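> Enclosed is the structure file upload.cif (mmCIF, C-alpha atoms).
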data_work
#
loop_
_atom_site.group_PDB
_atom_site.id
_atom_site.type_symbol
_atom_site.label_atom_id
_atom_site.label_comp_id
_atom_site.auth_asym_id
_atom_site.auth_seq_id
_atom_site.Cartn_x
_atom_site.Cartn_y
_atom_site.Cartn_z
ATOM 1 C CA LEU A 1 25.510 11.752 -11.478
ATOM 2 C CA ASP A 2 27.351 15.097 -11.364
ATOM 3 C CA GLU A 3 24.772 16.571 -13.753
ATOM 4 C CA PHE A 4 21.922 15.274 -11.602
ATOM 5 C CA LEU A 5 23.392 16.623 -8.353
ATOM 6 C CA LYS A 6 23.747 20.117 -9.819
ATOM 7 C CA ASN A 7 19.967 20.592 -9.569
ATOM 8 C CA TRP A 8 19.131 18.234 -6.714
ATOM 9 C CA ASP A 9 19.382 18.948 -2.994
ATOM 10 C CA ILE A 10 18.959 16.216 -0.385
ATOM 11 C CA GLU A 11 17.592 18.731 2.130
ATOM 12 C CA LYS A 12 14.838 19.776 -0.267
ATOM 13 C CA PHE A 13 13.577 16.342 -1.333
ATOM 14 C CA GLY A 14 13.413 14.702 2.100
ATOM 15 C CA GLU A 15 14.518 11.327 3.409
ATOM 16 C CA GLY A 16 11.903 9.136 1.652
ATOM 17 C CA LYS A 17 13.166 9.940 -1.844
ATOM 18 C CA SER A 18 16.767 10.570 -0.838
ATOM 19 C CA LEU A 19 17.101 7.004 0.427
ATOM 20 C CA MET A 20 16.869 5.921 -3.227
ATOM 21 C CA LEU A 21 20.089 7.823 -3.901
ATOM 22 C CA SER A 22 21.641 6.033 -0.924
ATOM 23 C CA TYR A 23 20.836 2.784 -2.762
ATOM 24 C CA VAL A 24 22.661 4.062 -5.854
ATOM 25 C CA MET A 25 25.663 5.017 -3.715
ATOM 26 C CA LYS A 26 25.673 1.645 -1.909
ATOM 27 C CA THR A 27 25.341 -0.475 -5.061
ATOM 28 C CA ASN A 28 27.827 1.598 -7.135
ATOM 29 C CA PRO A 29 30.898 2.171 -4.938
ATOM 30 C CA ASP A 30 32.846 3.488 -7.941
ATOM 31 C CA LEU A 31 30.637 6.604 -8.149
ATOM 32 C CA LYS A 32 32.025 9.691 -6.386
ATOM 33 C CA PHE A 33 29.697 11.711 -4.165
ATOM 34 C CA SER A 34 30.608 15.122 -2.743
ATOM 35 C CA THR A 35 31.364 15.823 0.919
ATOM 36 C CA TYR A 36 27.903 17.440 1.053
ATOM 37 C CA GLU A 37 25.838 14.428 -0.093
ATOM 38 C CA LYS A 38 27.907 11.451 1.026
ATOM 39 C CA PRO A 39 27.672 11.851 4.841
ATOM 40 C CA ARG A 40 23.963 12.686 4.584
ATOM 41 C CA LEU A 41 23.252 9.615 2.444
ATOM 42 C CA GLU A 42 25.280 7.397 4.799
ATOM 43 C CA GLY A 43 23.328 8.878 7.718
ATOM 44 C CA LEU A 44 20.041 8.010 5.975
ATOM 45 C CA LEU A 45 21.075 4.376 5.607
ATOM 46 C CA LYS A 46 21.968 4.236 9.315
ATOM 47 C CA PHE A 47 18.712 5.962 10.358
ATOM 48 C CA HIS A 48 16.560 3.501 8.418
ATOM 49 C CA ARG A 49 18.731 0.592 9.511
ATOM 50 C CA PHE A 50 17.879 1.482 13.115
ATOM 51 C CA ASN A 51 14.145 1.681 12.278
ATOM 52 C CA ASN A 52 14.370 -1.639 10.431
ATOM 53 C CA LEU A 53 15.995 -3.244 13.482
ATOM 54 C CA LYS A 54 13.119 -2.029 15.690
ATOM 55 C CA LEU A 55 10.577 -3.647 13.365
ATOM 56 C CA ILE A 56 12.641 -6.810 13.009
ATOM 57 C CA SER A 57 12.867 -7.189 16.800
ATOM 58 C CA HIS A 58 9.033 -7.354 16.965
ATOM 59 C CA TYR A 59 8.949 -9.724 13.998
ATOM 60 C CA VAL A 60 11.447 -12.022 15.759
ATOM 61 C CA LYS A 61 9.469 -12.031 19.009
ATOM 62 C CA ILE A 62 6.238 -12.903 17.178
ATOM 63 C CA VAL A 63 7.578 -15.473 14.703
ATOM 64 C CA ARG A 64 9.662 -17.288 17.314
ATOM 65 C CA ALA A 65 6.496 -17.733 19.379
ATOM 66 C CA LEU A 66 4.692 -19.002 16.259
ATOM 67 C CA ASN A 67 7.572 -21.391 15.472
ATOM 68 C CA GLU A 68 7.296 -22.842 18.983
ATOM 69 C CA GLN A 69 3.705 -23.814 18.088
ATOM 70 C CA ASN A 70 4.836 -25.283 14.716
ATOM 71 C CA ILE A 71 3.528 -22.327 12.721
ATOM 72 C CA PHE A 72 5.894 -21.246 9.954
ATOM 73 C CA PRO A 73 4.644 -18.113 8.157
ATOM 74 C CA MET A 74 5.729 -16.688 4.828
ATOM 75 C CA ILE A 75 7.430 -13.289 4.873
ATOM 76 C CA LEU A 76 6.213 -10.878 2.173
ATOM 77 C CA LYS A 77 6.916 -7.512 0.502
ATOM 78 C CA GLY A 78 9.588 -5.269 2.036
ATOM 79 C CA GLY A 79 10.397 -7.699 4.835
ATOM 80 C CA ALA A 80 11.255 -10.404 2.301
ATOM 81 C CA MET A 81 13.393 -7.987 0.269
ATOM 82 C CA LYS A 82 15.211 -6.866 3.431
ATOM 83 C CA HIS A 83 16.005 -10.539 4.143
ATOM 84 C CA ILE A 84 17.243 -11.057 0.569
ATOM 85 C CA ARG A 85 19.246 -7.798 0.533
ATOM 86 C CA PRO A 86 20.209 -7.275 4.207
ATOM 87 C CA ASP A 87 22.787 -4.575 3.393
ATOM 88 C CA LEU A 88 20.092 -2.172 2.104
ATOM 89 C CA SER A 89 17.896 -0.295 4.586
ATOM 90 C CA ARG A 90 14.218 0.208 3.721
ATOM 91 C CA ALA A 91 11.530 2.694 4.669
ATOM 92 C CA MET A 92 9.215 0.016 6.089
ATOM 93 C CA ALA A 93 6.051 0.819 8.017
ATOM 94 C CA ASP A 94 5.606 -2.821 9.097
ATOM 95 C CA ILE A 95 6.497 -6.409 8.180
ATOM 96 C CA ASP A 96 3.901 -8.583 6.428
ATOM 97 C CA ILE A 97 3.615 -12.319 7.060
ATOM 98 C CA LEU A 98 1.184 -14.841 5.575
ATOM 99 C CA ILE A 99 -0.193 -17.766 7.589
ATOM 100 C CA SER A 100 -0.853 -20.944 5.608
ATOM 101 C CA SER A 101 -4.299 -21.948 6.954
ATOM 102 C CA GLU A 102 -7.358 -20.451 8.647
ATOM 103 C CA ALA A 103 -6.879 -22.548 11.793
ATOM 104 C CA GLU A 104 -3.234 -21.462 12.097
ATOM 105 C CA PHE A 105 -4.205 -17.844 11.413
ATOM 106 C CA LEU A 106 -6.665 -17.755 14.336
ATOM 107 C CA LYS A 107 -4.117 -19.526 16.543
ATOM 108 C CA ALA A 108 -1.451 -16.983 15.503
ATOM 109 C CA CYS A 109 -3.783 -14.102 16.436
ATOM 110 C CA ALA A 110 -4.267 -15.612 19.896
ATOM 111 C CA ILE A 111 -0.505 -16.106 20.337
ATOM 112 C CA CYS A 112 0.182 -12.473 19.385
ATOM 113 C CA LYS A 113 -2.441 -11.315 21.867
ATOM 114 C CA SER A 114 -0.777 -13.365 24.608
ATOM 115 C CA LEU A 115 2.518 -11.597 23.772
ATOM 116 C CA GLY A 116 0.878 -8.233 24.518
ATOM 117 C CA TYR A 117 0.087 -7.075 20.977
ATOM 118 C CA VAL A 118 -3.334 -5.713 20.080
ATOM 119 C CA TYR A 119 -5.392 -5.269 16.933
ATOM 120 C CA LYS A 120 -8.476 -3.147 16.338
ATOM 121 C CA ASP A 121 -11.131 -5.678 15.333
ATOM 122 C CA PHE A 122 -11.683 -9.377 15.534
ATOM 123 C CA PRO A 123 -9.872 -10.854 12.520
ATOM 124 C CA GLY A 124 -12.585 -10.941 9.862
ATOM 125 C CA ASP A 125 -10.677 -9.339 6.975
ATOM 126 C CA HIS A 126 -7.675 -10.529 4.944
ATOM 127 C CA SER A 127 -5.234 -9.354 7.646
ATOM 128 C CA VAL A 128 -4.833 -7.837 11.095
ATOM 129 C CA ASP A 129 -2.412 -5.029 11.918
ATOM 130 C CA LEU A 130 -0.614 -5.723 15.160
ATOM 131 C CA HIS A 131 0.215 -2.795 17.453
ATOM 132 C CA LEU A 132 1.522 -2.222 20.923
ATOM 133 C CA PRO A 133 -1.149 -1.030 23.383
ATOM 134 C CA ASN A 134 -1.898 2.728 23.132
ATOM 135 C CA SER A 135 0.000 2.994 19.849
ATOM 136 C CA ASP A 136 -1.045 3.160 16.189
ATOM 137 C CA GLU A 137 2.464 2.442 14.957
ATOM 138 C CA GLY A 138 2.480 -0.594 12.687
ATOM 139 C CA ILE A 139 4.630 -3.579 13.650
ATOM 140 C CA VAL A 140 3.585 -6.767 11.889
ATOM 141 C CA ASP A 141 0.649 -7.420 9.539
ATOM 142 C CA LEU A 142 -0.698 -10.926 9.964
ATOM 143 C CA HIS A 143 -2.346 -12.125 6.717
ATOM 144 C CA ARG A 144 -4.891 -14.944 6.412
ATOM 145 C CA TYR A 145 -4.696 -14.451 2.628
ATOM 146 C CA ILE A 146 -3.199 -11.925 0.204
ATOM 147 C CA HIS A 147 -5.592 -9.215 -0.935
ATOM 148 C CA LEU A 148 -5.247 -8.953 -4.730
ATOM 149 C CA GLU A 149 -8.512 -7.061 -5.403
ATOM 150 C CA THR A 150 -9.918 -9.951 -7.445
ATOM 151 C CA ASN A 151 -12.093 -12.901 -6.565
ATOM 152 C CA TYR A 152 -9.347 -15.471 -7.040
ATOM 153 C CA ASP A 153 -9.222 -19.096 -5.891
ATOM 154 C CA LYS A 154 -7.369 -19.016 -2.557
ATOM 155 C CA THR A 155 -5.763 -22.413 -3.270
ATOM 156 C CA PHE A 156 -3.295 -20.250 -5.226
ATOM 157 C CA LEU A 157 -1.663 -19.512 -1.855
ATOM 158 C CA THR A 158 -0.774 -23.209 -1.558
ATOM 159 C CA ASP A 159 1.217 -22.800 -4.799
ATOM 160 C CA LEU A 160 3.154 -19.923 -3.217
ATOM 161 C CA PHE A 161 4.077 -22.042 -0.199
ATOM 162 C CA SER A 162 5.043 -25.027 -2.379
ATOM 163 C CA ARG A 163 7.524 -22.879 -4.359
ATOM 164 C CA ALA A 164 8.842 -20.996 -1.312
ATOM 165 C CA LYS A 165 11.863 -22.092 0.700
ATOM 166 C CA LYS A 166 11.917 -22.349 4.471
ATOM 167 C CA GLU A 167 14.907 -20.278 5.546
ATOM 168 C CA ASN A 168 16.509 -18.696 8.577
ATOM 169 C CA VAL A 169 14.883 -15.249 8.435
ATOM 170 C CA PHE A 170 16.248 -12.848 11.077
ATOM 171 C CA GLY A 171 16.859 -15.826 13.372
ATOM 172 C CA THR A 172 13.435 -17.422 12.857
ATOM 173 C CA GLN A 173 12.109 -20.150 10.569
ATOM 174 C CA ALA A 174 9.933 -18.690 7.816
ATOM 175 C CA PHE A 175 9.102 -19.295 4.175
ATOM 176 C CA VAL A 176 10.564 -16.926 1.567
ATOM 177 C CA PRO A 177 8.722 -16.721 -1.800
ATOM 178 C CA CYS A 178 10.638 -17.479 -4.991
ATOM 179 C CA PHE A 179 11.807 -14.443 -6.997
ATOM 180 C CA GLU A 180 9.032 -14.815 -9.595
ATOM 181 C CA ASP A 181 6.313 -14.840 -6.923
ATOM 182 C CA LEU A 182 7.864 -11.864 -5.128
ATOM 183 C CA LEU A 183 7.937 -9.870 -8.357
ATOM 184 C CA PHE A 184 4.339 -10.808 -9.188
ATOM 185 C CA LEU A 185 3.074 -9.841 -5.713
ATOM 186 C CA GLY A 186 5.127 -6.639 -5.907
ATOM 187 C CA MET A 187 3.458 -5.637 -9.184
ATOM 188 C CA ILE A 188 -0.057 -6.124 -7.810
ATOM 189 C CA ASN A 189 0.837 -4.292 -4.594
ATOM 190 C CA LEU A 190 2.320 -1.415 -6.626
ATOM 191 C CA THR A 191 -0.968 -0.993 -8.502
ATOM 192 C CA ARG A 192 -2.891 -0.961 -5.245
ATOM 193 C CA ASN A 193 -0.521 1.672 -3.848
ATOM 194 C CA LEU A 194 -1.008 3.793 -6.968
ATOM 195 C CA HIS A 195 -4.784 3.898 -7.055
ATOM 196 C CA SER A 196 -5.477 3.717 -3.305
ATOM 197 C CA LYS A 197 -2.687 6.107 -2.249
ATOM 198 C CA THR A 198 -1.434 3.550 0.293
ATOM 199 C CA SER A 199 2.260 3.263 1.132
ATOM 200 C CA LEU A 200 3.285 5.798 -1.504
ATOM 201 C CA GLN A 201 6.926 5.715 -0.391
ATOM 202 C CA GLY A 202 7.004 2.031 -1.339
ATOM 203 C CA ILE A 203 6.410 2.852 -5.011
ATOM 204 C CA LEU A 204 9.987 3.998 -5.578
ATOM 205 C CA TYR A 205 11.400 0.852 -4.002
ATOM 206 C CA SER A 206 9.543 -1.212 -6.605
ATOM 207 C CA LEU A 207 11.973 0.037 -9.261
ATOM 208 C CA PHE A 208 14.946 -1.374 -7.351
ATOM 209 C CA ASP A 209 13.112 -4.549 -6.302
ATOM 210 C CA PHE A 210 11.857 -5.494 -9.776
ATOM 211 C CA LYS A 211 15.243 -4.860 -11.363
ATOM 212 C CA TYR A 212 17.035 -6.920 -8.698
ATOM 213 C CA LEU A 213 14.573 -9.847 -8.765
ATOM 214 C CA SER A 214 14.491 -10.180 -12.562
ATOM 215 C CA GLU A 215 18.267 -9.825 -13.028
ATOM 216 C CA ASN A 216 19.608 -11.866 -10.118
ATOM 217 C CA LYS A 217 18.166 -15.256 -10.943
ATOM 218 C CA SER A 218 19.782 -16.820 -13.989
ATOM 219 C CA ASP A 219 16.702 -18.869 -14.897
ATOM 220 C CA PHE A 220 14.068 -16.256 -13.982
ATOM 221 C CA ASN A 221 10.804 -17.615 -15.403
ATOM 222 C CA TRP A 222 8.470 -14.941 -16.783
ATOM 223 C CA ASN A 223 5.994 -17.690 -17.718
ATOM 224 C CA LEU A 224 5.548 -18.404 -14.002
ATOM 225 C CA VAL A 225 4.722 -14.723 -13.457
ATOM 226 C CA LEU A 226 2.159 -15.011 -16.267
ATOM 227 C CA GLU A 227 0.684 -18.176 -14.701
ATOM 228 C CA ASN A 228 0.205 -16.256 -11.443
ATOM 229 C CA ILE A 229 -1.541 -13.439 -13.314
ATOM 230 C CA VAL A 230 -3.881 -15.912 -15.034
ATOM 231 C CA LYS A 231 -4.674 -17.860 -11.842
ATOM 232 C CA THR A 232 -5.475 -14.711 -9.859
ATOM 233 C CA LYS A 233 -7.262 -12.829 -12.688
ATOM 234 C CA THR A 234 -4.994 -9.823 -12.152
ATOM 235 C CA TYR A 235 -4.323 -8.987 -15.832
ATOM 236 C CA THR A 236 -5.287 -5.340 -15.532
ATOM 237 C CA GLN A 237 -3.383 -4.660 -12.306
ATOM 238 C CA ALA A 238 -0.251 -6.331 -13.677
ATOM 239 C CA LEU A 239 -0.451 -4.399 -16.956
ATOM 240 C CA LEU A 240 -0.841 -1.087 -15.111
ATOM 241 C CA ALA A 241 2.242 -1.880 -12.989
ATOM 242 C CA MET A 242 4.209 -2.793 -16.121
ATOM 243 C CA LYS A 243 3.204 0.335 -18.024
ATOM 244 C CA PHE A 244 3.912 2.567 -15.027
ATOM 245 C CA ILE A 245 7.362 1.109 -14.310
ATOM 246 C CA ASN A 246 8.353 1.037 -17.993
ATOM 247 C CA LYS A 247 7.475 4.730 -18.341
ATOM 248 C CA ILE A 248 10.180 5.463 -15.764
ATOM 249 C CA ILE A 249 12.749 2.868 -16.830
ATOM 250 C CA PRO A 250 11.919 1.283 -20.212
ATOM 251 C CA GLN A 251 11.851 -2.494 -20.612
ATOM 252 C CA ILE A 252 12.244 -3.510 -16.949
ATOM 253 C CA LEU A 253 8.988 -5.487 -17.199
ATOM 254 C CA PRO A 254 7.815 -7.304 -20.366
ATOM 255 C CA GLU A 255 4.431 -5.827 -21.324
ATOM 256 C CA THR A 256 4.385 -8.256 -24.254
ATOM 257 C CA LEU A 257 3.339 -10.974 -21.768
ATOM 258 C CA LEU A 258 -0.090 -9.359 -21.685
ATOM 259 C CA LYS A 259 -0.431 -8.198 -25.260
ATOM 260 C CA ASN A 260 -3.870 -9.145 -26.492
ATOM 261 C CA HIS A 261 -7.039 -7.334 -27.495
ATOM 262 C CA LYS A 262 -9.216 -8.798 -24.753
ATOM 263 C CA ILE A 263 -6.813 -7.761 -21.970
ATOM 264 C CA ASN A 264 -6.364 -4.261 -23.454
ATOM 265 C CA LYS A 265 -10.140 -3.811 -23.467
ATOM 266 C CA LYS A 266 -10.369 -4.855 -19.806
ATOM 267 C CA PHE A 267 -7.405 -2.625 -18.999
ATOM 268 C CA THR A 268 -9.076 0.472 -20.485
ATOM 269 C CA LYS A 269 -12.221 -0.253 -18.470
ATOM 270 C CA TYR A 270 -10.130 -0.735 -15.320
ATOM 271 C CA CYS A 271 -8.325 2.599 -15.838
ATOM 272 C CA ASP A 272 -11.654 4.396 -16.388
ATOM 273 C CA ARG A 273 -12.928 2.975 -13.092
ATOM 274 C CA VAL A 274 -9.759 3.987 -11.219
ATOM 275 C CA MET A 275 -10.048 7.547 -12.577
ATOM 276 C CA LEU A 276 -13.760 7.727 -11.745
ATOM 277 C CA HIS A 277 -13.071 6.746 -8.129
ATOM 278 C CA ARG A 278 -9.962 8.912 -7.777
ATOM 279 C CA PHE A 279 -11.326 12.157 -9.230
ATOM 280 C CA TYR A 280 -15.110 11.984 -8.735
ATOM 281 C CA PHE A 281 -16.585 9.230 -6.591
ATOM 282 C CA HIS A 282 -14.564 9.749 -3.397
ATOM 283 C CA ASP A 283 -15.078 13.537 -3.473
ATOM 284 C CA LEU A 284 -18.812 13.101 -4.037
ATOM 285 C CA LYS A 285 -19.032 10.546 -1.242
#
Turn this file's structure into structure tokens for me.

Amino acid sequence: LDEFLKNWDIEKFGEGKSLMLSYVMKTNPDLKFSTYEKPRLEGLLKFHRFNNLKLISHYVKIVRALNEQNIFPMILKGGAMKHIRPDLSRAMADIDILISSEAEFLKACAICKSLGYVYKDFPGDHSVDLHLPNSDEGIVDLHRYIHLETNYDKTFLTDLFSRAKKENVFGTQAFVPCFEDLLFLGMINLTRNLHSKTSLQGILYSLFDFKYLSENKSDFNWNLVLENIVKTKTYTQALLAMKFINKIIPQILPETLLKNHKINKKFTKYCDRVMLHRFYFHDLK
């Protein structure tokens, strides 16, 4: 740590990346930080804690109203990790929730509208982003299904709900995915963030999330993660996430799960397509 801090300045790298060091400080109380870094890192945790509370207050208002109509959504991504690790602040732009059926999704949209929230278009896509009037600031993303960039059988979502537990989440009743499902969804979301340049700050959090999820369940089942990959046809996305994460911290994710010639061939094709779009197609368009 001392060696690292010799060449690293919190003021230079900004709050998005510096929050990661706050995580290290919070989870390793035995490490000694200087009087220069420590108060700044503590301040970062408090700043993001305040922002998290703002988001959570909207989440609570929305999900309580849904609960009153017997709708119990599933909390996803950063919101779920914040529930699991409440002591760690996150740089969250919004909170994602999944509704279990089409009928409940449309009903949930109407309920949110009655609460004063707005969204840009009639819900025809996989999700709607709820905002306050005259604001583009994200609050809650309401999902009718999870976008995995493959044409997968949506009955897979029923599997997620069957393995999830209904818990008290920030004072509401919501489903929380099992650790294996959270890690799987995190891998696919990481790949999307990488090639679409969406939520780039979330990429760093994946390192902490994947490590925590895989190491804090004694019977963590990698075969369940593999089953999810097979059911959703997300071999290439999962392999890219694994290779990317393992380049930073070796052996966090087991690439051997996906070691076969057919998948490697598809993976190469996938990477070629990502590079084509990133470096040529979008510029030409």
> Could you give me, as a tab-separated table, a per-residue list for segment 162-269 of chain A showing, wherever an atom lies at most 9 Å from an atom of segment 19-37 of chain A, the closest pair of atoms and their distance in Å to one decimal, using all atoms listed in the file and sorting by chain then residue number from low to high?

residue	atom	partner	partner_atom	distance
A:Leu204	CA	A:Met20	CA	7.5
A:Tyr205	CA	A:Met20	CA	7.5
A:Phe208	CA	A:Tyr23	CA	8.5
> Emit the selected residues as a PDB file, in the frame of the given file, including C-alpha atoms.

ATOM      1  CA  LEU A 204       9.987   3.998  -5.578  1.00  0.00           C
ATOM      2  CA  TYR A 205      11.400   0.852  -4.002  1.00  0.00           C
ATOM      3  CA  PHE A 208      14.946  -1.374  -7.351  1.00  0.00           C
TER       4      PHE A 208
END
> Given the file above and the PyMOL selection byres ((chain A and resi 231) around 12), which residues are selected, and can you give them as a list of chain:residue names?
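On this input, the PyMOL selection byres ((chain A and resi 231) around 12) captures A:Leu148, A:Thr150, A:Asn151, A:Tyr152, A:Asp153, A:Lys154, A:Thr155, A:Phe156, A:Leu157, A:Asp159, A:Leu160, A:Phe184, A:Leu224, A:Val225, A:Leu226, A:Glu227, A:Asn228, A:Ile229, A:Val230, A:Thr232, A:Lys233, A:Thr234, A:Tyr235.
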> When the PyMOL selection byres ((chain A and resi 168) around 12) is applied to the structure above, which residues does it catch, written out as an MDAnalysis selection string?
chainID A and resid 60 63:64 67 72:75 80 83:84 165:167 169:176
> With all atoms listed in the file as the counted atoms, please give the residues lying no more than 10 Å from Gly186 of chain A, apart from itself and same-chain residues fewer than 3 positions off, as JSON, numbers by chain.
{"A": [76, 77, 78, 180, 181, 182, 183, 189, 190, 191, 192, 202, 203, 205, 206, 209, 210, 238, 241]}
> How about saving the chosen residues, C-alpha atoms kept, as a CSV table (one decimal), keeping the file's coordinate frame?

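Just written: result36.csv:
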chain,number,residue,atom,x,y,z
A,76,LEU,CA,6.2,-10.9,2.2
A,77,LYS,CA,6.9,-7.5,0.5
A,78,GLY,CA,9.6,-5.3,2.0
A,180,GLU,CA,9.0,-14.8,-9.6
A,181,ASP,CA,6.3,-14.8,-6.9
A,182,LEU,CA,7.9,-11.9,-5.1
A,183,LEU,CA,7.9,-9.9,-8.4
A,189,ASN,CA,0.8,-4.3,-4.6
A,190,LEU,CA,2.3,-1.4,-6.6
A,191,THR,CA,-1.0,-1.0,-8.5
A,192,ARG,CA,-2.9,-1.0,-5.2
A,202,GLY,CA,7.0,2.0,-1.3
A,203,ILE,CA,6.4,2.9,-5.0
A,205,TYR,CA,11.4,0.9,-4.0
A,206,SER,CA,9.5,-1.2,-6.6
A,209,ASP,CA,13.1,-4.5,-6.3
A,210,PHE,CA,11.9,-5.5,-9.8
A,238,ALA,CA,-0.3,-6.3,-13.7
A,241,ALA,CA,2.2,-1.9,-13.0
> So, with all atoms listed in the file as the atoms that count, which of A:Lys217, A:Arg163, A:Lys113, A:Arg90 lies closest to His131 of chain A?
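Selected residue with least distance to His131 of chain A: A:Lys113.
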